[in-house]
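The file model12.cif contains mmCIF, C-alpha atoms:
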data_work
loop_
_atom_site.group_PDB
_atom_site.id
_atom_site.type_symbol
_atom_site.label_atom_id
_atom_site.label_comp_id
_atom_site.auth_asym_id
_atom_site.auth_seq_id
_atom_site.Cartn_x
_atom_site.Cartn_y
_atom_site.Cartn_z
ATOM 1 C CA MET A 1 77.319 103.047 48.167
ATOM 2 C CA ILE A 2 79.978 100.666 46.851
ATOM 3 C CA LYS A 3 83.173 102.374 45.697
ATOM 4 C CA VAL A 4 85.240 100.839 42.880
ATOM 5 C CA VAL A 5 89.012 101.379 42.772
ATOM 6 C CA ARG A 6 91.264 100.278 39.934
ATOM 7 C CA TYR A 7 94.123 98.086 41.115
ATOM 8 C CA SER A 8 97.675 99.406 40.997
ATOM 9 C CA GLY A 9 100.974 97.868 42.055
ATOM 10 C CA SER A 10 100.968 99.793 45.336
ATOM 11 C CA MET A 11 97.935 97.720 46.387
ATOM 12 C CA LYS A 12 99.643 94.359 45.870
ATOM 13 C CA ARG A 13 99.941 93.452 49.563
ATOM 14 C CA ILE A 14 96.299 94.364 50.284
ATOM 15 C CA TRP A 15 95.116 92.420 47.224
ATOM 16 C CA ASN A 16 97.110 89.305 48.087
ATOM 17 C CA GLU A 17 96.053 89.303 51.743
ATOM 18 C CA PHE A 18 92.375 89.566 50.835
ATOM 19 C CA ASN A 19 92.687 86.820 48.214
ATOM 20 C CA LYS A 20 94.532 84.553 50.639
ATOM 21 C CA HIS A 21 91.714 84.667 53.196
ATOM 22 C CA SER A 22 88.711 84.772 50.845
ATOM 23 C CA LYS A 23 86.095 82.035 50.623
ATOM 24 C CA ASN A 24 86.799 81.318 46.939
ATOM 25 C CA SER A 25 90.475 82.164 46.647
ATOM 26 C CA ILE A 26 92.794 80.418 44.222
ATOM 27 C CA PHE A 27 96.524 80.990 44.043
ATOM 28 C CA MET A 28 96.293 82.137 40.400
ATOM 29 C CA PHE A 29 94.642 85.322 41.702
ATOM 30 C CA ASP A 30 97.790 86.152 43.678
ATOM 31 C CA ARG A 31 99.497 89.085 41.978
ATOM 32 C CA ASN A 32 102.781 87.132 41.893
ATOM 33 C CA TYR A 33 101.011 84.789 39.490
ATOM 34 C CA MET A 34 98.861 87.305 37.628
ATOM 35 C CA ASP A 35 101.667 89.722 36.904
ATOM 36 C CA TYR A 36 104.090 87.285 35.282
ATOM 37 C CA HIS A 37 102.422 87.933 31.901
ATOM 38 C CA GLN A 38 101.544 91.593 32.412
ATOM 39 C CA ASP A 39 103.133 92.442 29.063
ATOM 40 C CA ARG A 40 100.417 90.426 27.267
ATOM 41 C CA PHE A 41 97.357 91.971 28.903
ATOM 42 C CA MET A 42 96.345 95.491 29.871
ATOM 43 C CA ASP A 43 95.380 94.805 33.465
ATOM 44 C CA HIS A 44 92.215 96.522 34.665
ATOM 45 C CA SER A 45 91.564 94.641 37.895
ATOM 46 C CA LEU A 46 89.158 96.220 40.360
ATOM 47 C CA MET A 47 88.735 96.438 44.134
ATOM 48 C CA PHE A 48 85.331 97.028 45.725
ATOM 49 C CA TYR A 49 84.885 98.913 49.002
ATOM 50 C CA ASP A 50 81.809 99.218 51.207
ATOM 51 C CA ASP A 51 82.603 102.523 52.912
ATOM 52 C CA ASP A 52 86.270 101.916 53.744
ATOM 53 C CA LYS A 53 86.059 98.117 53.995
ATOM 54 C CA LEU A 54 87.391 95.993 51.131
ATOM 55 C CA VAL A 55 84.663 93.483 50.248
ATOM 56 C CA ALA A 56 85.656 92.048 46.844
ATOM 57 C CA LEU A 57 88.340 91.770 44.187
ATOM 58 C CA LEU A 58 87.753 91.343 40.460
ATOM 59 C CA PRO A 59 90.685 90.290 38.235
ATOM 60 C CA MET A 60 90.128 91.930 34.822
ATOM 61 C CA ASN A 61 91.900 93.133 31.718
ATOM 62 C CA GLU A 62 90.703 95.543 29.049
ATOM 63 C CA SER A 63 90.760 95.390 25.266
ATOM 64 C CA ASN A 64 88.828 97.337 22.606
ATOM 65 C CA SER A 65 86.450 98.984 25.111
ATOM 66 C CA ILE A 66 85.570 95.634 26.701
ATOM 67 C CA LEU A 67 86.355 94.484 30.247
ATOM 68 C CA TYR A 68 87.308 90.810 30.437
ATOM 69 C CA SER A 69 87.650 88.384 33.313
ATOM 70 C CA HIS A 70 91.400 88.253 33.116
ATOM 71 C CA GLY A 71 92.486 86.651 29.856
ATOM 72 C CA GLY A 72 95.600 85.181 31.425
ATOM 73 C CA LEU A 73 93.638 83.109 33.953
ATOM 74 C CA THR A 74 91.662 79.886 33.576
ATOM 75 C CA TYR A 75 88.965 81.147 35.931
ATOM 76 C CA GLY A 76 87.610 84.563 36.817
ATOM 77 C CA GLY A 77 84.911 86.358 38.739
ATOM 78 C CA PHE A 78 84.551 88.116 42.064
ATOM 79 C CA ILE A 79 86.808 87.064 44.933
ATOM 80 C CA THR A 80 84.922 87.531 48.189
ATOM 81 C CA ASP A 81 85.234 86.889 51.896
ATOM 82 C CA LEU A 82 82.800 85.307 54.347
ATOM 83 C CA GLY A 83 80.975 88.613 54.749
ATOM 84 C CA MET A 84 79.718 88.591 51.150
ATOM 85 C CA LYS A 85 75.937 88.163 50.953
ATOM 86 C CA GLN A 86 73.568 88.369 48.022
ATOM 87 C CA HIS A 87 72.407 91.971 48.523
ATOM 88 C CA LEU A 88 76.016 93.136 48.719
ATOM 89 C CA MET A 89 76.969 91.257 45.553
ATOM 90 C CA ASN A 90 74.014 92.862 43.767
ATOM 91 C CA GLU A 91 75.381 96.263 44.842
ATOM 92 C CA CYS A 92 78.859 95.309 43.601
ATOM 93 C CA PHE A 93 77.396 94.564 40.172
ATOM 94 C CA ASP A 94 75.542 97.898 40.234
ATOM 95 C CA ALA A 95 78.849 99.600 40.985
ATOM 96 C CA LEU A 96 80.668 97.588 38.306
ATOM 97 C CA LEU A 97 78.141 98.708 35.689
ATOM 98 C CA ARG A 98 78.359 102.352 36.789
ATOM 99 C CA TYR A 99 82.143 102.185 36.637
ATOM 100 C CA SER A 100 82.117 100.506 33.217
ATOM 101 C CA MET A 101 79.727 103.047 31.710
ATOM 102 C CA TYR A 102 81.655 105.985 33.183
ATOM 103 C CA TYR A 103 84.912 104.792 31.612
ATOM 104 C CA GLY A 104 83.333 103.915 28.276
ATOM 105 C CA PHE A 105 83.337 100.116 28.373
ATOM 106 C CA ILE A 106 80.551 98.704 26.212
ATOM 107 C CA LYS A 107 80.389 95.242 27.756
ATOM 108 C CA ILE A 108 81.842 92.907 30.369
ATOM 109 C CA ILE A 109 82.931 89.322 29.645
ATOM 110 C CA TYR A 110 82.763 87.460 32.937
ATOM 111 C CA LYS A 111 84.186 83.993 33.717
ATOM 112 C CA THR A 112 82.936 82.194 36.814
ATOM 113 C CA ILE A 113 84.973 80.088 39.229
ATOM 114 C CA PRO A 114 83.830 76.423 39.274
ATOM 115 C CA TYR A 115 82.230 75.425 42.566
ATOM 116 C CA ILE A 116 84.788 72.690 43.227
ATOM 117 C CA TYR A 117 87.327 75.394 44.138
ATOM 118 C CA PHE A 118 85.160 77.051 46.812
ATOM 119 C CA LYS A 119 85.930 76.867 50.524
ATOM 120 C CA GLN A 120 82.356 78.038 51.217
ATOM 121 C CA SER A 121 79.381 78.502 48.926
ATOM 122 C CA SER A 122 80.205 81.458 46.671
ATOM 123 C CA GLU A 123 77.667 81.672 43.866
ATOM 124 C CA GLU A 124 76.298 85.112 44.664
ATOM 125 C CA ASP A 125 77.725 86.313 41.359
ATOM 126 C CA ARG A 126 75.649 83.790 39.344
ATOM 127 C CA TYR A 127 72.396 85.235 40.631
ATOM 128 C CA ALA A 128 73.619 88.806 40.237
ATOM 129 C CA LEU A 129 74.586 88.121 36.610
ATOM 130 C CA PHE A 130 71.092 86.817 35.901
ATOM 131 C CA ALA A 131 69.423 89.668 37.771
ATOM 132 C CA HIS A 132 71.396 92.231 35.779
ATOM 133 C CA GLY A 133 70.389 90.752 32.433
ATOM 134 C CA ALA A 134 73.647 88.999 31.594
ATOM 135 C CA LYS A 135 73.671 86.467 28.782
ATOM 136 C CA LEU A 136 75.254 83.052 29.169
ATOM 137 C CA ASN A 137 77.766 83.064 26.335
ATOM 138 C CA VAL A 138 79.857 79.908 26.661
ATOM 139 C CA ILE A 139 79.614 76.554 28.414
ATOM 140 C CA ASP A 140 82.834 74.549 28.380
ATOM 141 C CA ALA A 141 82.746 70.861 29.310
ATOM 142 C CA SER A 142 85.410 69.857 31.810
ATOM 143 C CA THR A 143 85.695 66.543 33.652
ATOM 144 C CA TYR A 144 85.803 66.199 37.450
ATOM 145 C CA ILE A 145 86.725 63.219 39.615
ATOM 146 C CA ASN A 146 85.248 63.101 43.104
ATOM 147 C CA LEU A 147 88.349 62.049 45.028
ATOM 148 C CA ASN A 148 86.352 61.200 48.157
ATOM 149 C CA SER A 149 83.993 58.885 46.273
ATOM 150 C CA PRO A 150 85.551 58.063 42.907
ATOM 151 C CA ILE A 151 83.707 56.214 40.152
ATOM 152 C CA LYS A 152 85.446 53.022 39.058
ATOM 153 C CA MET A 153 87.882 53.354 36.181
ATOM 154 C CA SER A 154 87.118 51.683 32.873
ATOM 155 C CA LYS A 155 88.711 48.333 32.083
ATOM 156 C CA GLY A 156 90.716 49.976 29.317
ATOM 157 C CA ARG A 157 92.308 52.528 31.630
ATOM 158 C CA LYS A 158 93.094 49.865 34.229
ATOM 159 C CA ALA A 159 94.699 47.669 31.583
ATOM 160 C CA GLN A 160 96.915 50.519 30.379
ATOM 161 C CA ILE A 161 97.998 51.365 33.927
ATOM 162 C CA SER A 162 98.910 47.730 34.545
ATOM 163 C CA ARG A 163 100.852 47.573 31.285
ATOM 164 C CA ALA A 164 102.853 50.706 32.126
ATOM 165 C CA LYS A 165 103.789 49.152 35.465
ATOM 166 C CA ARG A 166 104.896 45.922 33.731
ATOM 167 C CA GLU A 167 107.008 47.968 31.333
ATOM 168 C CA SER A 168 108.683 49.591 34.384
ATOM 169 C CA VAL A 169 107.547 53.161 33.658
ATOM 170 C CA GLU A 170 108.819 55.284 36.548
ATOM 171 C CA ILE A 171 106.991 58.338 37.922
ATOM 172 C CA ARG A 172 109.064 61.311 39.084
ATOM 173 C CA GLU A 173 108.289 64.829 40.246
ATOM 174 C CA LEU A 174 110.492 67.263 38.331
ATOM 175 C CA THR A 175 111.699 70.723 39.347
ATOM 176 C CA ASP A 176 114.664 71.662 37.127
ATOM 177 C CA ASP A 177 114.783 73.947 34.083
ATOM 178 C CA TYR A 178 115.670 71.159 31.656
ATOM 179 C CA SER A 179 112.652 69.060 32.663
ATOM 180 C CA PHE A 180 110.158 71.910 32.272
ATOM 181 C CA ASN A 181 111.542 72.729 28.835
ATOM 182 C CA THR A 182 111.585 69.065 27.788
ATOM 183 C CA PHE A 183 107.999 68.596 28.915
ATOM 184 C CA ILE A 184 106.741 71.697 27.077
ATOM 185 C CA ASP A 185 108.544 70.536 23.928
ATOM 186 C CA LEU A 186 106.687 67.227 24.223
ATOM 187 C CA GLU A 187 103.394 69.028 24.920
ATOM 188 C CA ASN A 188 103.836 71.306 21.915
ATOM 189 C CA SER A 189 104.617 68.402 19.606
ATOM 190 C CA VAL A 190 101.345 66.755 20.649
ATOM 191 C CA LEU A 191 99.328 69.974 20.377
ATOM 192 C CA GLU A 192 100.797 70.785 16.969
ATOM 193 C CA GLU A 193 100.070 67.294 15.657
ATOM 194 C CA LYS A 194 96.514 67.038 16.957
ATOM 195 C CA HIS A 195 95.252 70.630 17.231
ATOM 196 C CA HIS A 196 97.683 72.849 15.276
ATOM 197 C CA THR A 197 98.321 74.969 18.362
ATOM 198 C CA HIS A 198 100.869 75.414 21.172
ATOM 199 C CA ALA A 199 100.866 75.554 24.962
ATOM 200 C CA VAL A 200 99.947 78.860 26.575
ATOM 201 C CA HIS A 201 103.050 78.682 28.767
ATOM 202 C CA THR A 202 106.677 78.273 27.799
ATOM 203 C CA GLY A 203 108.912 75.956 29.787
ATOM 204 C CA ALA A 204 110.647 78.972 31.291
ATOM 205 C CA GLU A 205 107.322 80.499 32.367
ATOM 206 C CA LEU A 206 106.191 77.277 34.024
ATOM 207 C CA LYS A 207 109.517 77.010 35.821
ATOM 208 C CA LEU A 208 109.209 80.637 36.987
ATOM 209 C CA LEU A 209 105.687 80.020 38.296
ATOM 210 C CA HIS A 210 106.743 76.759 39.946
ATOM 211 C CA ASP A 211 109.534 78.606 41.759
ATOM 212 C CA ARG A 212 107.065 81.263 42.938
ATOM 213 C CA PHE A 213 104.469 78.677 43.984
ATOM 214 C CA PRO A 214 106.357 75.437 44.721
ATOM 215 C CA ASN A 215 103.516 74.058 46.840
ATOM 216 C CA ASN A 216 100.933 74.679 44.135
ATOM 217 C CA ILE A 217 102.541 73.830 40.786
ATOM 218 C CA HIS A 218 103.954 70.358 40.153
ATOM 219 C CA LEU A 219 105.410 68.638 37.092
ATOM 220 C CA LEU A 220 105.094 64.848 37.112
ATOM 221 C CA GLY A 221 106.861 62.796 34.474
ATOM 222 C CA GLY A 222 106.689 59.192 33.323
ATOM 223 C CA PHE A 223 110.107 57.798 32.383
ATOM 224 C CA LEU A 224 111.125 54.728 30.410
ATOM 225 C CA ASN A 225 114.841 53.961 30.414
ATOM 226 C CA ASN A 226 115.430 57.471 31.816
ATOM 227 C CA LYS A 227 113.625 59.122 28.908
ATOM 228 C CA LEU A 228 110.571 61.346 29.523
ATOM 229 C CA ILE A 229 107.726 59.742 27.567
ATOM 230 C CA ALA A 230 104.706 61.261 29.325
ATOM 231 C CA GLY A 231 103.875 63.939 31.843
ATOM 232 C CA THR A 232 101.395 66.337 33.345
ATOM 233 C CA VAL A 233 101.430 69.682 35.133
ATOM 234 C CA VAL A 234 99.275 69.756 38.259
ATOM 235 C CA PHE A 235 97.946 72.957 39.824
ATOM 236 C CA GLU A 236 97.125 72.302 43.487
ATOM 237 C CA TYR A 237 94.431 74.321 45.297
ATOM 238 C CA ASP A 238 92.898 74.102 48.774
ATOM 239 C CA LYS A 239 90.090 71.722 47.824
ATOM 240 C CA ALA A 240 90.996 70.540 44.332
ATOM 241 C CA VAL A 241 93.756 69.800 41.868
ATOM 242 C CA HIS A 242 93.678 70.760 38.210
ATOM 243 C CA ILE A 243 95.466 68.941 35.402
ATOM 244 C CA GLN A 244 96.850 71.862 33.426
ATOM 245 C CA TYR A 245 98.640 69.907 30.679
ATOM 246 C CA MET A 246 98.928 66.254 29.622
ATOM 247 C CA ALA A 247 101.379 64.938 27.021
ATOM 248 C CA ALA A 248 102.559 61.537 25.815
ATOM 249 C CA ASP A 249 104.806 60.378 23.004
ATOM 250 C CA GLU A 250 104.073 57.419 20.745
ATOM 251 C CA THR A 251 105.696 54.920 23.105
ATOM 252 C CA ALA A 252 103.687 56.215 26.082
ATOM 253 C CA ARG A 253 100.460 55.967 24.089
ATOM 254 C CA LYS A 254 101.171 52.318 23.331
ATOM 255 C CA ILE A 255 102.167 51.203 26.822
ATOM 256 C CA GLY A 256 99.953 53.435 28.986
ATOM 257 C CA GLY A 257 102.606 55.848 30.218
ATOM 258 C CA LEU A 258 100.245 58.798 30.574
ATOM 259 C CA ASP A 259 97.598 56.595 32.195
ATOM 260 C CA LEU A 260 100.092 55.700 34.919
ATOM 261 C CA VAL A 261 101.047 59.370 35.403
ATOM 262 C CA VAL A 262 97.392 60.414 35.784
ATOM 263 C CA ASN A 263 96.685 57.501 38.107
ATOM 264 C CA SER A 264 99.604 58.579 40.291
ATOM 265 C CA VAL A 265 97.991 62.024 40.635
ATOM 266 C CA ILE A 266 94.687 60.447 41.631
ATOM 267 C CA GLU A 267 96.369 58.210 44.197
ATOM 268 C CA GLN A 268 98.457 61.042 45.610
ATOM 269 C CA TYR A 269 95.506 63.348 46.260
ATOM 270 C CA LYS A 270 92.761 60.823 47.050
ATOM 271 C CA GLY A 271 91.491 61.583 50.556
ATOM 272 C CA ASN A 272 93.577 64.758 50.666
ATOM 273 C CA LYS A 273 91.595 66.882 48.171
ATOM 274 C CA ASN A 274 87.926 66.758 47.221
ATOM 275 C CA TRP A 275 88.135 67.069 43.448
ATOM 276 C CA MET A 276 90.395 66.549 40.475
ATOM 277 C CA ASP A 277 89.667 68.718 37.437
ATOM 278 C CA PHE A 278 90.895 67.465 34.044
ATOM 279 C CA GLY A 279 90.144 70.735 32.241
ATOM 280 C CA ILE A 280 87.993 71.340 29.208
ATOM 281 C CA SER A 281 87.436 69.055 26.213
ATOM 282 C CA THR A 282 85.733 71.678 24.056
ATOM 283 C CA GLU A 283 87.524 73.218 21.082
ATOM 284 C CA HIS A 284 87.201 75.567 18.098
ATOM 285 C CA GLY A 285 85.552 78.425 19.927
ATOM 286 C CA ARG A 286 83.785 76.042 22.324
ATOM 287 C CA ILE A 287 81.416 74.727 19.616
ATOM 288 C CA TYR A 288 83.080 71.321 19.227
ATOM 289 C CA LEU A 289 83.291 68.576 21.854
ATOM 290 C CA ASN A 290 86.357 66.367 21.482
ATOM 291 C CA ASP A 291 84.627 63.040 22.132
ATOM 292 C CA GLY A 292 87.836 61.057 22.248
ATOM 293 C CA LEU A 293 89.446 63.383 24.778
ATOM 294 C CA ILE A 294 86.496 63.539 27.135
ATOM 295 C CA SER A 295 86.013 59.764 26.857
ATOM 296 C CA GLN A 296 89.627 59.270 27.929
ATOM 297 C CA LYS A 297 89.047 61.456 30.998
ATOM 298 C CA GLU A 298 85.750 59.721 31.817
ATOM 299 C CA GLY A 299 87.637 56.427 31.717
ATOM 300 C CA PHE A 300 89.485 57.503 34.870
ATOM 301 C CA GLY A 301 86.143 57.886 36.671
ATOM 302 C CA GLY A 302 85.458 61.517 35.807
ATOM 303 C CA ARG A 303 82.146 63.095 34.885
ATOM 304 C CA THR A 304 81.238 66.447 33.355
ATOM 305 C CA GLY A 305 81.500 69.749 35.188
ATOM 306 C CA VAL A 306 81.196 73.048 33.356
ATOM 307 C CA TYR A 307 83.006 76.357 33.091
ATOM 308 C CA SER A 308 80.703 79.248 32.182
ATOM 309 C CA ILE A 309 81.341 82.625 30.563
ATOM 310 C CA TRP A 310 78.748 85.418 30.672
ATOM 311 C CA GLU A 311 78.344 88.612 28.697
ATOM 312 C CA LEU A 312 76.956 91.705 30.408
ATOM 313 C CA ASP A 313 75.889 94.751 28.415
ATOM 314 C CA THR A 314 76.758 97.947 30.260
ATOM 315 C CA ASN A 315 73.602 99.669 28.986
ATOM 316 C CA ARG A 316 71.595 100.303 32.158
ATOM 317 C CA ASP A 317 68.345 99.651 30.289
ATOM 318 C CA SER A 318 69.379 95.984 30.066
ATOM 319 C CA MET A 319 69.361 95.609 33.873
ATOM 320 C CA ASN A 320 66.512 93.802 35.574
ATOM 321 C CA GLU A 321 64.992 95.274 38.725
ATOM 322 C CA PHE A 322 65.756 93.533 42.023
#
Written as structure tokens, how would this file's structure read?
Amino acid sequence: MIKVVRYSGSMKRIWNEFNKHSKNSIFMFDRNYMDYHQDRFMDHSLMFYDDDKLVALLPMNESNSILYSHGGLTYGGFITDLGMKQHLMNECFDALLRYSMYYGFIKIIYKTIPYIYFKQSSEEDRYALFAHGAKLNVIDASTYINLNSPIKMSKGRKAQISRAKRESVEIRELTDDYSFNTFIDLENSVLEEKHHTHAVHTGAELKLLHDRFPNNIHLLGGFLNNKLIAGTVVFEYDKAVHIQYMAADETARKIGGLDLVVNSVIEQYKGNKNWMDFGISTEHGRIYLNDGLISQKEGFGGRTGVYSIWELDTNRDSMNEF
């Protein structure tokens, strides 16, 4: 019988050690990352034990009688080690449903981790979701570049990269407070203009996270005459890198400043990582595909990969038999 234990701060070391050595770990599941915004989410993360052996973690938060794959994280789902097999994952879902019903949760919203972040195959949860009657709720379209066998860039992207080089755009990695704040100001001006929204992180939060994870979070800027005109935040994982933000001012858009920044990321990690993930191009509740945005990403040699979100009713009658 699988036992489910709600995470508390006293379990931080155990949680982080298990995540560090799991087959689908990402640094965002480290509690030093997860807990930076604990004031925004009511954490309800879970730990799963087979007898006395920890076999899985599940980052979650709760709201209005619903358990969510943690709302402060891009990805979600079970974190497991090499011992996780399909029958055990099925039992973990049984236990998750029992736990949810006992504590009065009416449903579970479950985000999966894209396969490009796995160290070993880790899709036991996909089958278990299906077997337990879960409904596929959302498909977001991201864009991946295979860094070991990249598709050729479009002529337009190449031309912009060449122009930025001719204009003497300089690429720098930035680590100071002022640069993080300046970049987020630029990002927010772009987001406000095009999407009437703002970045999830503040400059101070990104700086805090960079200081906690200096080997995983990088800010790269494109400079013209010592002025930041374009930039991106890169989250670095074991097998992949993820472009978390991209921003460019009017000058950068004209002379290819952001194109050069993105190309520098590709060149830096080519042969070192397997994948580069541009992030999603779907908007307005995931019902609208931003054709211009995804076309820009495809121009760098990327092609579609998806993020999926499932909904699981905690009513036992909705469960399929194994």
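The nearest approach to Leu191 in chain A among the residues A:Tyr245, A:Thr232, A:Ser154, A:Arg163, with only C-alpha atoms taken into account, belongs to A:Tyr245.
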Residue contacts of Lys135 in chain A (9 Å, only C-alpha atoms) excluding same-chain residues fewer than 6 positions away, as a list in words: Leu129, Ile309, Trp310, Glu311, Leu312 and Asp313 of chain A
May I have the selected residues written with C-alpha atoms, as a PDB file, keeping the file's coordinate frame?
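Result went into out.pdb, see below:
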ATOM      1  CA  LEU A 129      74.586  88.121  36.610  1.00  0.00           C
ATOM      2  CA  ILE A 309      81.341  82.625  30.563  1.00  0.00           C
ATOM      3  CA  TRP A 310      78.748  85.418  30.672  1.00  0.00           C
ATOM      4  CA  GLU A 311      78.344  88.612  28.697  1.00  0.00           C
ATOM      5  CA  LEU A 312      76.956  91.705  30.408  1.00  0.00           C
ATOM      6  CA  ASP A 313      75.889  94.751  28.415  1.00  0.00           C
TER       7      ASP A 313
END
Picked residues, the PyMOL selection byres ((chain A and resi 173) around 9), as a ChimeraX atom specification: /A:171-172,174-175,218-221
Given the PyMOL selection byres ((chain A and resi 111-125) around 6), the residues it picks as a PyMOL selection string: chain A and resi 23-24+69+75-77+86+110+126-129+239+308-309
Could you turn the residues from that selection into a file that holds C-alpha atoms, as a PDB file, in the frame of the given file?
ATOM      1  CA  LYS A  23      86.095  82.035  50.623  1.00  0.00           C
ATOM      2  CA  ASN A  24      86.799  81.318  46.939  1.00  0.00           C
ATOM      3  CA  SER A  69      87.650  88.384  33.313  1.00  0.00           C
ATOM      4  CA  TYR A  75      88.965  81.147  35.931  1.00  0.00           C
ATOM      5  CA  GLY A  76      87.610  84.563  36.817  1.00  0.00           C
ATOM      6  CA  GLY A  77      84.911  86.358  38.739  1.00  0.00           C
ATOM      7  CA  GLN A  86      73.568  88.369  48.022  1.00  0.00           C
ATOM      8  CA  TYR A 110      82.763  87.460  32.937  1.00  0.00           C
ATOM      9  CA  ARG A 126      75.649  83.790  39.344  1.00  0.00           C
ATOM     10  CA  TYR A 127      72.396  85.235  40.631  1.00  0.00           C
ATOM     11  CA  ALA A 128      73.619  88.806  40.237  1.00  0.00           C
ATOM     12  CA  LEU A 129      74.586  88.121  36.610  1.00  0.00           C
ATOM     13  CA  LYS A 239      90.090  71.722  47.824  1.00  0.00           C
ATOM     14  CA  SER A 308      80.703  79.248  32.182  1.00  0.00           C
ATOM     15  CA  ILE A 309      81.341  82.625  30.563  1.00  0.00           C
TER      16      ILE A 309
END
Result set of the PyMOL selection byres ((chain A and resi 62) around 9) on the coordinates above, as a compact mmCIF listing (two decimals) with C-alpha atoms, keeping the file's coordinate frame:
# COMPACT_ATOMS: atom_id res chain seq x y z
CA PHE A 41 97.36 91.97 28.90
CA MET A 42 96.34 95.49 29.87
CA ASP A 43 95.38 94.80 33.47
CA HIS A 44 92.22 96.52 34.66
CA SER A 45 91.56 94.64 37.90
CA MET A 60 90.13 91.93 34.82
CA ASN A 61 91.90 93.13 31.72
CA SER A 63 90.76 95.39 25.27
CA ASN A 64 88.83 97.34 22.61
CA SER A 65 86.45 98.98 25.11
CA ILE A 66 85.57 95.63 26.70
CA LEU A 67 86.36 94.48 30.25
CA TYR A 68 87.31 90.81 30.44
CA SER A 69 87.65 88.38 33.31
CA HIS A 70 91.40 88.25 33.12
CA PHE A 105 83.34 100.12 28.37
Atom-to-atom span, CA of Asp277 in chain A and CA of Ser179 in chain A, Å: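 We find that CA of Asp277 in chain A and CA of Ser179 in chain A lie 23.5 Å from each other.
Candidate residues A:Leu147, A:Val233, A:Ala95, A:Ile184 were compared for distance to Ile266 in chain A, and the nearest is A:Leu147, using all atoms listed in the file.
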Straight-line distance linking CA of Ser22 in chain A with CA of Lys85 in chain A, stated in Å to one decimal: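 Separating CA of Ser22 in chain A from CA of Lys85 in chain A is a distance of 13.2 Å.
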Residue neighbourhood range 288-300 of chain A, 8 Å, only C-alpha atoms, exclusion window fewer than 4 positions, as a ChimeraX atom specification: /A:141-143,145,151-154,156-157,263,278,281-284
For Met246 in chain A: contacts at 9 Å, all atoms listed in the file, fewer than 5 positions along chain excluded, given as a PyMOL selection string: chain A and resi 187+230-233+258+262
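Considering only C-alpha atoms, the residue among A:Phe183, A:Tyr36, A:Tyr102, A:Phe78 positioned nearest to Leu208 in chain A is A:Tyr36.
Nearest residue to Lys107 in chain A, choosing from A:Gly302, A:Phe213, A:Leu206, A:Gly133 and counting all atoms listed in the file: A:Gly133.
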Shortest interatomic distance to Gly257 in chain A - which of A:Ile287, A:Ala164, A:Ala240, A:Ala199, counting all atoms listed in the file: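 Smallest separation from Gly257 in chain A among the options: A:Ala164.
Pairwise distance (CA of Ile109 in chain A, CA of His37 in chain A) equals 19.7 Å.
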Write out N, CA and C atoms for range 80-91 of chain A, as an mmCIF file, in the coordinates of the input.
data_model
loop_
_atom_site.group_PDB
_atom_site.id
_atom_site.type_symbol
_atom_site.label_atom_id
_atom_site.label_comp_id
_atom_site.auth_asym_id
_atom_site.auth_seq_id
_atom_site.Cartn_x
_atom_site.Cartn_y
_atom_site.Cartn_z
ATOM 1 N N THR A 80 85.650 86.950 47.058
ATOM 2 C CA THR A 80 84.922 87.531 48.189
ATOM 3 C C THR A 80 85.263 86.817 49.493
ATOM 4 N N ASP A 81 84.991 87.511 50.599
ATOM 5 C CA ASP A 81 85.234 86.889 51.896
ATOM 6 C C ASP A 81 83.919 86.369 52.480
ATOM 7 N N LEU A 82 83.984 85.915 53.728
ATOM 8 C CA LEU A 82 82.800 85.307 54.347
ATOM 9 C C LEU A 82 81.686 86.314 54.583
ATOM 10 N N GLY A 83 81.997 87.595 54.543
ATOM 11 C CA GLY A 83 80.975 88.613 54.749
ATOM 12 C C GLY A 83 80.119 88.891 53.520
ATOM 13 N N MET A 84 80.485 88.333 52.366
ATOM 14 C CA MET A 84 79.718 88.591 51.150
ATOM 15 C C MET A 84 78.362 87.888 51.196
ATOM 16 N N LYS A 85 77.297 88.691 51.040
ATOM 17 C CA LYS A 85 75.937 88.163 50.953
ATOM 18 C C LYS A 85 75.313 88.645 49.656
ATOM 19 N N GLN A 86 74.131 88.120 49.342
ATOM 20 C CA GLN A 86 73.568 88.369 48.022
ATOM 21 C C GLN A 86 73.287 89.849 47.760
ATOM 22 N N HIS A 87 72.731 90.562 48.750
ATOM 23 C CA HIS A 87 72.407 91.971 48.523
ATOM 24 C C HIS A 87 73.658 92.779 48.247
ATOM 25 N N LEU A 88 74.766 92.414 48.918
ATOM 26 C CA LEU A 88 76.016 93.136 48.719
ATOM 27 C C LEU A 88 76.607 92.841 47.339
ATOM 28 N N MET A 89 76.501 91.587 46.888
ATOM 29 C CA MET A 89 76.969 91.257 45.553
ATOM 30 C C MET A 89 76.156 91.991 44.495
ATOM 31 N N ASN A 90 74.839 92.095 44.704
ATOM 32 C CA ASN A 90 74.014 92.862 43.767
ATOM 33 C C ASN A 90 74.512 94.309 43.675
ATOM 34 N N GLU A 91 74.878 94.881 44.824
ATOM 35 C CA GLU A 91 75.381 96.263 44.842
ATOM 36 C C GLU A 91 76.741 96.352 44.156
#
